[in-house]
>>> print(open('protein26.csv').read())   # CSV, C-alpha atoms
chain,number,residue,atom,x,y,z
A,1,MET,CA,10.5,30.0,5.2
A,2,ASN,CA,10.5,30.8,8.9
A,3,ASN,CA,11.0,28.4,11.8
A,4,GLU,CA,7.5,29.1,13.2
A,5,LYS,CA,6.0,27.5,10.1
A,6,ILE,CA,8.2,24.4,10.4
A,7,ASN,CA,7.4,24.0,14.1
A,8,ASN,CA,3.7,24.4,13.6
A,9,ASN,CA,3.0,22.4,10.5
A,10,PRO,CA,4.1,18.7,10.2
A,11,LEU,CA,3.8,18.9,6.4
A,12,LEU,CA,6.6,21.5,6.3
A,13,CYS,CA,9.5,19.1,6.5
A,14,ASP,CA,12.9,20.4,7.5
A,15,ILE,CA,15.1,20.0,4.5
A,16,GLU,CA,18.3,20.2,6.6
A,17,THR,CA,17.4,17.3,8.8
A,18,GLY,CA,15.3,15.4,6.2
A,19,MET,CA,12.5,15.1,8.7
A,20,CYS,CA,8.8,15.7,8.7
A,21,GLU,CA,8.1,16.2,12.4
A,22,THR,CA,4.9,15.3,14.3
A,23,THR,CA,3.3,17.6,16.8
A,24,ASP,CA,3.0,14.9,19.5
A,25,GLU,CA,5.0,15.8,22.6
A,26,THR,CA,4.4,12.7,24.6
A,27,THR,CA,7.2,10.3,23.7
A,28,ASN,CA,9.2,7.7,25.6
A,29,THR,CA,12.6,6.7,24.1
A,30,SER,CA,13.3,3.8,26.5
A,31,SER,CA,10.9,1.1,25.2
A,32,TYR,CA,12.8,-1.3,22.9
A,33,SER,CA,12.7,-4.5,24.8
A,34,SER,CA,9.7,-5.9,23.1
A,35,VAL,CA,11.0,-5.2,19.6
A,36,GLN,CA,13.6,-7.6,18.2
A,37,SER,CA,14.5,-9.1,14.9
A,38,THR,CA,13.1,-12.5,14.1
A,39,GLU,CA,14.1,-14.7,11.1
A,40,LYS,CA,16.6,-12.3,9.4
A,41,SER,CA,19.6,-11.0,11.2
A,42,VAL,CA,18.5,-7.4,11.2
A,43,LYS,CA,14.9,-6.0,11.5
A,44,LEU,CA,14.1,-2.5,10.2
A,45,ILE,CA,11.1,-0.7,11.7
A,46,TYR,CA,10.3,2.0,9.2
A,47,TYR,CA,8.1,4.8,10.5
A,48,THR,CA,6.6,6.6,7.7
A,49,ASP,CA,3.4,8.3,6.4
A,50,PRO,CA,1.8,8.2,2.9
A,51,ILE,CA,2.0,12.0,2.4
A,52,CYS,CA,5.5,12.5,4.0
A,53,SER,CA,7.6,14.3,1.3
A,54,SER,CA,10.8,13.4,3.1
A,55,CYS,CA,9.8,9.7,2.9
A,56,TRP,CA,9.3,10.1,-0.9
A,57,GLY,CA,12.8,11.5,-0.9
A,58,ILE,CA,14.1,8.3,0.7
A,59,GLU,CA,12.7,6.0,-1.9
A,60,PRO,CA,15.9,5.7,-4.0
A,61,GLN,CA,18.0,4.6,-0.9
A,62,LEU,CA,15.3,2.3,0.4
A,63,ARG,CA,14.9,0.5,-2.9
A,64,LYS,CA,18.6,0.0,-3.2
A,65,LEU,CA,18.7,-1.3,0.4
A,66,LYS,CA,16.1,-3.9,-0.5
A,67,LEU,CA,18.2,-5.0,-3.5
A,68,GLU,CA,21.5,-5.2,-1.7
A,69,TYR,CA,20.5,-6.4,1.7
A,70,GLY,CA,17.1,-8.0,1.2
A,71,ASN,CA,18.4,-11.4,2.2
A,72,THR,CA,19.7,-9.9,5.5
A,73,VAL,CA,17.1,-7.5,6.6
A,74,GLU,CA,13.4,-7.6,7.2
A,75,ILE,CA,11.6,-4.3,6.8
A,76,GLU,CA,8.4,-3.6,8.8
A,77,TYR,CA,6.4,-0.6,7.7
A,78,ARG,CA,4.7,1.3,10.5
A,79,MET,CA,2.4,4.3,10.1
A,80,GLY,CA,3.1,7.5,12.1
A,81,GLY,CA,0.1,9.7,11.6
A,82,LEU,CA,1.7,12.8,10.2
A,83,LEU,CA,-1.5,14.8,9.6
A,84,PRO,CA,-4.4,14.0,11.9
A,85,ASP,CA,-6.4,17.0,10.7
A,86,TRP,CA,-6.1,20.8,10.3
A,87,SER,CA,-7.2,21.7,13.8
A,88,TYR,CA,-3.9,20.8,15.6
A,89,ASN,CA,-2.3,24.2,14.8
A,90,SER,CA,-1.8,26.6,17.6
A,91,GLY,CA,-0.5,29.3,15.3
A,92,GLY,CA,1.4,29.9,12.1
A,93,ILE,CA,0.2,27.9,9.1
A,94,GLY,CA,-3.4,26.8,9.3
A,95,LYS,CA,-4.5,25.8,5.8
A,96,PRO,CA,-3.4,23.3,3.1
A,97,SER,CA,-2.5,25.9,0.4
A,98,ASP,CA,0.4,27.0,2.6
A,99,VAL,CA,2.1,23.6,1.9
A,100,ALA,CA,2.1,23.9,-1.9
A,101,ASP,CA,5.3,26.0,-2.3
A,102,HIS,CA,7.1,23.9,0.3
A,103,TRP,CA,6.4,20.7,-1.6
A,104,ASP,CA,7.9,22.3,-4.7
A,105,GLU,CA,11.0,23.2,-2.8
A,106,VAL,CA,11.3,19.7,-1.3
A,107,SER,CA,11.0,18.2,-4.8
A,108,VAL,CA,14.1,20.2,-6.0
A,109,HIS,CA,16.0,19.3,-2.8
A,110,TYR,CA,15.5,15.6,-3.0
A,111,ASP,CA,15.5,15.5,-6.8
A,112,MET,CA,12.2,13.5,-6.7
A,113,PRO,CA,9.2,14.8,-8.7
A,114,ILE,CA,6.5,16.3,-6.4
A,115,ASP,CA,3.7,18.6,-7.5
A,116,GLY,CA,2.7,20.9,-4.7
A,117,ASP,CA,-0.4,22.0,-6.6
A,118,LEU,CA,-2.3,19.2,-4.9
A,119,TRP,CA,-2.7,21.5,-1.9
A,120,LEU,CA,-4.3,24.1,-4.1
A,121,GLU,CA,-6.5,21.8,-6.2
A,122,ASP,CA,-7.7,18.9,-4.0
A,123,PRO,CA,-6.0,19.0,-0.6
A,124,LEU,CA,-6.2,16.2,2.0
A,125,ASP,CA,-8.0,16.8,5.3
A,126,SER,CA,-5.9,14.1,7.0
A,127,SER,CA,-3.3,11.4,6.2
A,128,TYR,CA,-5.1,8.9,8.5
A,129,PRO,CA,-7.4,7.4,5.7
A,130,PRO,CA,-4.5,6.3,3.5
A,131,SER,CA,-2.5,5.1,6.5
A,132,ILE,CA,-5.5,3.0,7.7
A,133,ALA,CA,-5.9,1.7,4.1
A,134,PHE,CA,-2.2,0.6,4.2
A,135,LYS,CA,-2.8,-1.3,7.4
A,136,ALA,CA,-5.8,-3.0,5.7
A,137,ALA,CA,-3.5,-3.9,2.8
A,138,GLN,CA,-1.0,-5.4,5.2
A,139,MET,CA,-3.7,-7.7,6.5
A,140,GLN,CA,-3.9,-9.2,3.0
A,141,ASP,CA,-0.3,-9.4,1.8
A,142,ASP,CA,2.7,-7.5,3.0
A,143,LYS,CA,4.4,-7.3,-0.4
A,144,LYS,CA,1.3,-6.1,-2.1
A,145,ALA,CA,0.9,-3.6,0.8
A,146,GLN,CA,4.3,-2.1,0.0
A,147,LEU,CA,3.3,-1.9,-3.7
A,148,PHE,CA,0.1,-0.2,-2.6
A,149,MET,CA,2.1,2.4,-0.6
A,150,ARG,CA,4.2,3.1,-3.7
A,151,GLU,CA,1.1,3.4,-5.8
A,152,ILE,CA,-0.7,5.9,-3.5
A,153,ARG,CA,2.5,7.9,-3.1
A,154,GLU,CA,2.8,8.3,-6.9
A,155,MET,CA,-0.8,9.3,-6.9
A,156,VAL,CA,-0.4,12.0,-4.3
A,157,PHE,CA,3.1,13.4,-5.2
A,158,LEU,CA,2.9,13.2,-9.0
A,159,LYS,CA,-0.7,12.9,-10.0
A,160,LYS,CA,-2.2,15.3,-7.5
A,161,LYS,CA,-4.8,12.8,-6.3
A,162,ASN,CA,-6.4,13.2,-2.9
A,163,ILE,CA,-5.6,9.8,-1.4
A,164,ALA,CA,-7.8,10.4,1.6
A,165,LYS,CA,-10.7,9.6,-0.8
A,166,TRP,CA,-11.7,6.0,-1.1
A,167,GLU,CA,-12.1,6.1,-4.8
A,168,HIS,CA,-8.3,6.7,-5.2
A,169,LEU,CA,-7.4,4.1,-2.6
A,170,ALA,CA,-9.6,1.5,-4.3
A,171,THR,CA,-8.0,2.3,-7.7
A,172,ALA,CA,-4.5,1.8,-6.2
A,173,ALA,CA,-5.6,-1.5,-4.5
A,174,LYS,CA,-7.0,-2.8,-7.8
A,175,THR,CA,-3.7,-1.9,-9.6
A,176,VAL,CA,-1.6,-3.9,-7.2
A,177,GLU,CA,-4.1,-6.8,-7.2
A,178,LEU,CA,-5.4,-6.5,-3.7
A,179,ASN,CA,-9.0,-7.7,-2.9
A,180,VAL,CA,-10.7,-4.3,-2.9
A,181,GLU,CA,-13.9,-5.5,-1.2
A,182,GLN,CA,-11.9,-7.1,1.6
A,183,LEU,CA,-9.8,-4.0,1.8
A,184,LYS,CA,-12.9,-1.8,2.4
A,185,ILE,CA,-14.2,-4.2,5.1
A,186,ASP,CA,-10.8,-4.1,6.9
A,187,PHE,CA,-10.4,-0.3,6.3
A,188,GLU,CA,-13.7,0.3,8.1
A,189,GLY,CA,-12.9,-2.3,10.9
A,190,LYS,CA,-9.7,-4.0,12.1
A,191,ALA,CA,-7.2,-1.8,10.3
A,192,LYS,CA,-8.2,1.2,12.4
A,193,GLU,CA,-7.1,-0.7,15.5
A,194,LEU,CA,-3.8,-1.7,13.8
A,195,PHE,CA,-3.2,1.9,12.9
A,196,GLN,CA,-3.7,2.9,16.5
A,197,ASP,CA,-1.3,0.2,17.5
A,198,ASP,CA,1.3,1.7,15.2
A,199,LEU,CA,0.8,5.2,16.8
A,200,LYS,CA,1.1,3.7,20.3
A,201,LEU,CA,4.4,1.9,19.5
A,202,GLY,CA,5.7,5.0,17.8
A,203,ARG,CA,5.1,6.9,21.0
A,204,GLU,CA,6.8,4.2,23.0
A,205,LEU,CA,9.8,4.3,20.6
A,206,GLY,CA,10.0,8.0,20.7
A,207,VAL,CA,9.2,8.6,17.1
A,208,ARG,CA,9.0,12.4,16.5
A,209,GLY,CA,9.2,12.6,12.7
A,210,PHE,CA,9.5,10.7,9.4
A,211,PRO,CA,11.3,8.9,8.0
A,212,THR,CA,12.6,7.2,11.2
A,213,ILE,CA,14.2,3.8,10.8
A,214,PHE,CA,15.1,1.6,13.7
A,215,PHE,CA,17.7,-1.2,12.9
A,216,ILE,CA,17.4,-4.0,15.5
A,217,ASP,CA,19.4,-7.2,15.8
A,218,ASN,CA,18.3,-10.5,17.3
A,219,VAL,CA,19.3,-9.6,20.8
A,220,GLY,CA,17.8,-6.1,20.8
A,221,ASN,CA,20.9,-4.0,19.9
A,222,LYS,CA,19.8,-1.0,17.9
A,223,GLU,CA,20.8,1.7,15.5
A,224,ILE,CA,18.5,4.6,14.4
A,225,VAL,CA,18.7,6.7,11.3
A,226,TYR,CA,16.6,9.8,11.4
A,227,GLY,CA,15.5,11.7,8.3
A,228,THR,CA,16.5,11.3,4.6
A,229,ARG,CA,20.2,10.5,4.5
A,230,PRO,CA,22.6,9.2,1.9
A,231,TYR,CA,22.6,5.5,1.3
A,232,ALA,CA,25.8,4.9,3.3
A,233,PHE,CA,24.0,5.8,6.5
A,234,TYR,CA,21.6,2.9,6.1
A,235,GLU,CA,24.2,0.5,5.0
A,236,MET,CA,26.4,1.4,8.0
A,237,ALA,CA,23.6,0.8,10.4
A,238,ILE,CA,23.2,-2.7,9.1
A,239,LEU,CA,26.9,-3.5,9.2
A,240,LYS,CA,27.2,-2.2,12.7
A,241,LEU,CA,24.7,-4.7,13.9
A,242,ASN,CA,25.9,-7.5,11.6
A,243,PRO,CA,29.4,-7.0,10.3
A,244,ASN,CA,29.1,-10.2,8.3
A,245,ALA,CA,26.1,-9.1,6.3
A,246,ILE,CA,26.7,-10.0,2.7
A,247,LYS,CA,25.7,-7.5,0.1
A,248,SER,CA,23.8,-9.1,-2.8
A,249,GLU,CA,24.9,-8.4,-6.3
A,250,TYR,CA,22.1,-7.5,-8.8
A,251,SER,CA,22.0,-6.7,-12.5
A,252,LYS,CA,22.0,-3.0,-13.1
A,253,ASN,CA,20.6,-3.0,-16.7
A,254,TRP,CA,17.4,-1.2,-17.3
A,255,GLU,CA,15.3,-4.3,-18.1
A,256,THR,CA,16.2,-5.9,-14.9
A,257,LEU,CA,15.6,-2.8,-12.8
A,258,PHE,CA,12.2,-2.2,-14.3
A,259,SER,CA,11.3,-5.9,-13.9
A,260,ILE,CA,11.8,-5.4,-10.2
A,261,TYR,CA,10.4,-1.9,-9.8
A,262,SER,CA,7.9,-1.1,-12.5
A,263,SER,CA,8.3,2.7,-12.1
A,264,LEU,CA,11.5,4.7,-11.5
A,265,THR,CA,12.4,8.3,-11.3
A,266,ALA,CA,15.8,9.5,-12.8
A,267,LYS,CA,17.2,9.8,-9.2
A,268,GLU,CA,16.1,6.2,-8.5
A,269,TYR,CA,17.5,4.9,-11.7
A,270,SER,CA,20.8,6.7,-11.0
A,271,GLU,CA,21.0,5.3,-7.4
A,272,LEU,CA,20.1,1.7,-8.5
A,273,SER,CA,22.2,1.5,-11.7
A,274,GLY,CA,25.2,3.6,-10.5
A,275,THR,CA,24.8,5.8,-13.6
A,276,PRO,CA,25.4,9.5,-13.2
A,277,ARG,CA,22.2,11.5,-12.7
A,278,LYS,CA,22.1,13.4,-16.0
A,279,GLU,CA,23.0,10.4,-18.0
A,280,SER,CA,20.3,8.4,-16.3
A,281,GLU,CA,17.6,10.9,-17.4
A,282,SER,CA,19.0,10.7,-21.0
A,283,ILE,CA,18.8,6.9,-21.0
A,284,LEU,CA,15.3,6.9,-19.7
A,285,ASN,CA,14.2,9.6,-22.2
A,286,GLU,CA,15.7,7.5,-25.0
A,287,LEU,CA,13.8,4.4,-23.9
A,288,SER,CA,10.6,6.3,-23.8
A,289,LYS,CA,11.2,7.6,-27.3
A,290,LYS,CA,11.7,4.0,-28.4
A,291,ASP,CA,8.4,3.1,-26.7
A,292,ALA,CA,10.0,0.8,-24.2
A,293,LEU,CA,9.0,3.0,-21.3
A,294,GLU,CA,6.1,5.3,-20.6
A,295,LYS,CA,7.0,8.8,-19.3
A,296,LEU,CA,4.8,10.8,-16.9
A,297,THR,CA,6.0,14.4,-16.6
A,298,THR,CA,5.1,16.8,-13.8
A,299,LYS,CA,6.2,20.4,-13.4
A,300,ASN,CA,9.0,19.2,-11.0
A,301,GLY,CA,10.3,16.2,-12.8
A,302,SER,CA,9.3,12.9,-14.4
A,303,ILE,CA,8.8,9.2,-13.7
A,304,TRP,CA,9.1,6.3,-16.1
A,305,LYS,CA,7.1,3.1,-16.1
A,306,ILE,CA,7.6,-0.1,-17.9
A,307,LYS,CA,5.1,-0.6,-20.8
A,308,ASN,CA,3.0,-3.7,-20.5
>>> encode(input="protein26.csv", output="C-alpha cells")
Amino acid sequence: MNNEKINNNPLLCDIETGMCETTDETTNTSSYSSVQSTEKSVKLIYYTDPICSSCWGIEPQLRKLKLEYGNTVEIEYRMGGLLPDWSYNSGGIGKPSDVADHWDEVSVHYDMPIDGDLWLEDPLDSSYPPSIAFKAAQMQDDKKAQLFMREIREMVFLKKKNIAKWEHLATAAKTVELNVEQLKIDFEGKAKELFQDDLKLGRELGVRGFPTIFFIDNVGNKEIVYGTRPYAFYEMAILKLNPNAIKSEYSKNWETLFSIYSSLTAKEYSELSGTPRKESESILNELSKKDALEKLTTKNGSIWKIKN
C-alpha cells in the first residue's frame, strides 16, 4: 500500500500510528481553555467515528479502562466526521471498493474481526448519518448512546451492514432500547447541529485523526493519546493527571464480563480477563459449544454474545 493512498483516503488508516486521519487542514491546537473536567477527576474527550477501523481496534483497551477507572474518569464521545462523502479526493483512491482489502489487513493487525467485503457489497456514501444518529442517541441517554455505538460498529465491521441507512440505525436503536421515533425526529433536527458542534470543537482542539483521546483534569492540564495504543498508554495519561487515581478491582470470570459487556471478541476477553489470547478463544469456543454463548464468525475472526 503506497503513501499516496493513505494520504488521500481517510478510511485507509495508518497501521503504524494507529490513526485514521481526516482530510481537514484547518486546525488550531491552542483552544483548551473551555474544556475541563467536571465531577470526576479526569475527563476524557474521545474523538471517534462509527466506521473508523482503528477505533474498533481500541475497543479492548477502552472497555478495560472503563472497568478499572470508571470511578475516576468521565468519557465524553465526540464525532469527528471521518468520511463526509466520496468527492473529497484530489487523487489516489476514489471509490469504496479500494478500502476492502485494507480493512482485512487492519483486522489482522488489531486482532479484531472486520469484514472488508462491506465495501464491495453495500458501501457507505458517508459516515455522517451514523454520526448524527449517535448524537441523537446521546440526547436521550448517554449510556444507551454508547451501547448504540457498539451495536452499529458490530453491524458495520462484522455484519457488513451499511449503517448510513436508517433501517439499520433504527434496528440498532431498538436493540439498545432507545425511543426509535424520537431518535428519528432528533436525527432529522437538533442532532445535526450537535454533530456540527463536535466538528467545530474538533477543529479547535486540532483533531486530525481517530482515535484521539484528550485527558483533562479539573484545572485544564491535559494529556493526549493519539491512535490505537497499548492499554498502558491510556492508564499512564490518567495517572499523570491524577497520581492518586485508584484502580477498581473487578471480577474476571466470564459470567461477570458478559454481564457487563454482552458481546466480546477473543482479543477483548483476553484484555479484560488477563487470559492469554489463544486460551481466551478456546474458552469462548467451549462456552459456545455448551450453548452458554452465541458465536458469530466472519472471515477475519469471531465475536461471542451472551445467550438471553
>>> closest_residue(input="protein26.csv", among="A:Ala136, A:His168, A:Lys299, A:Leu124", to="A:Glu151", atoms="all atoms listed in the file")
A:His168
>>> atom_distance(input="protein26.csv", atom1="atom CA of A:Glu167", atom2="atom CA of A:Pro60")
28.0 Å
>>> closest_atom_pairs(input="protein26.csv", of="stretch 164-282 of chain A", to="stretch 130-135 of chain A", cutoff="6 Å", atoms="all atoms listed in the file", output="Markdown table")
| residue | atom | partner | partner_atom | distance |
| --- | --- | --- | --- | --- |
| A:Ala164 | CA | A:Pro130 | CA | 5.6 |
| A:Phe187 | CA | A:Ala133 | CA | 5.4 |
| A:Ala191 | CA | A:Lys135 | CA | 5.3 |
| A:Lys192 | CA | A:Ile132 | CA | 5.7 |
| A:Phe195 | CA | A:Ile132 | CA | 5.8 |
>>> closest_atom_pairs(input="protein26.csv", of="stretch 52-111 of chain A", to="stretch 227-239 of chain A", cutoff="8 Å", atoms="only C-alpha atoms", output="Markdown table")
| residue | atom | partner | partner_atom | distance |
| --- | --- | --- | --- | --- |
| A:Ser54 | CA | A:Thr228 | CA | 6.3 |
| A:Cys55 | CA | A:Thr228 | CA | 7.1 |
| A:Gly57 | CA | A:Thr228 | CA | 6.6 |
| A:Ile58 | CA | A:Thr228 | CA | 5.5 |
| A:Gln61 | CA | A:Tyr231 | CA | 5.2 |
| A:Leu65 | CA | A:Glu235 | CA | 7.4 |
>>> closest_residue(input="protein26.csv", among="A:Ser41, A:Ser126, A:Gln182, A:Thr265", to="A:Met139", atoms="all atoms listed in the file")
A:Gln182
>>> atom_distance(input="protein26.csv", atom1="atom CA of A:Ile15", atom2="atom CA of A:Val99")
13.7 Å
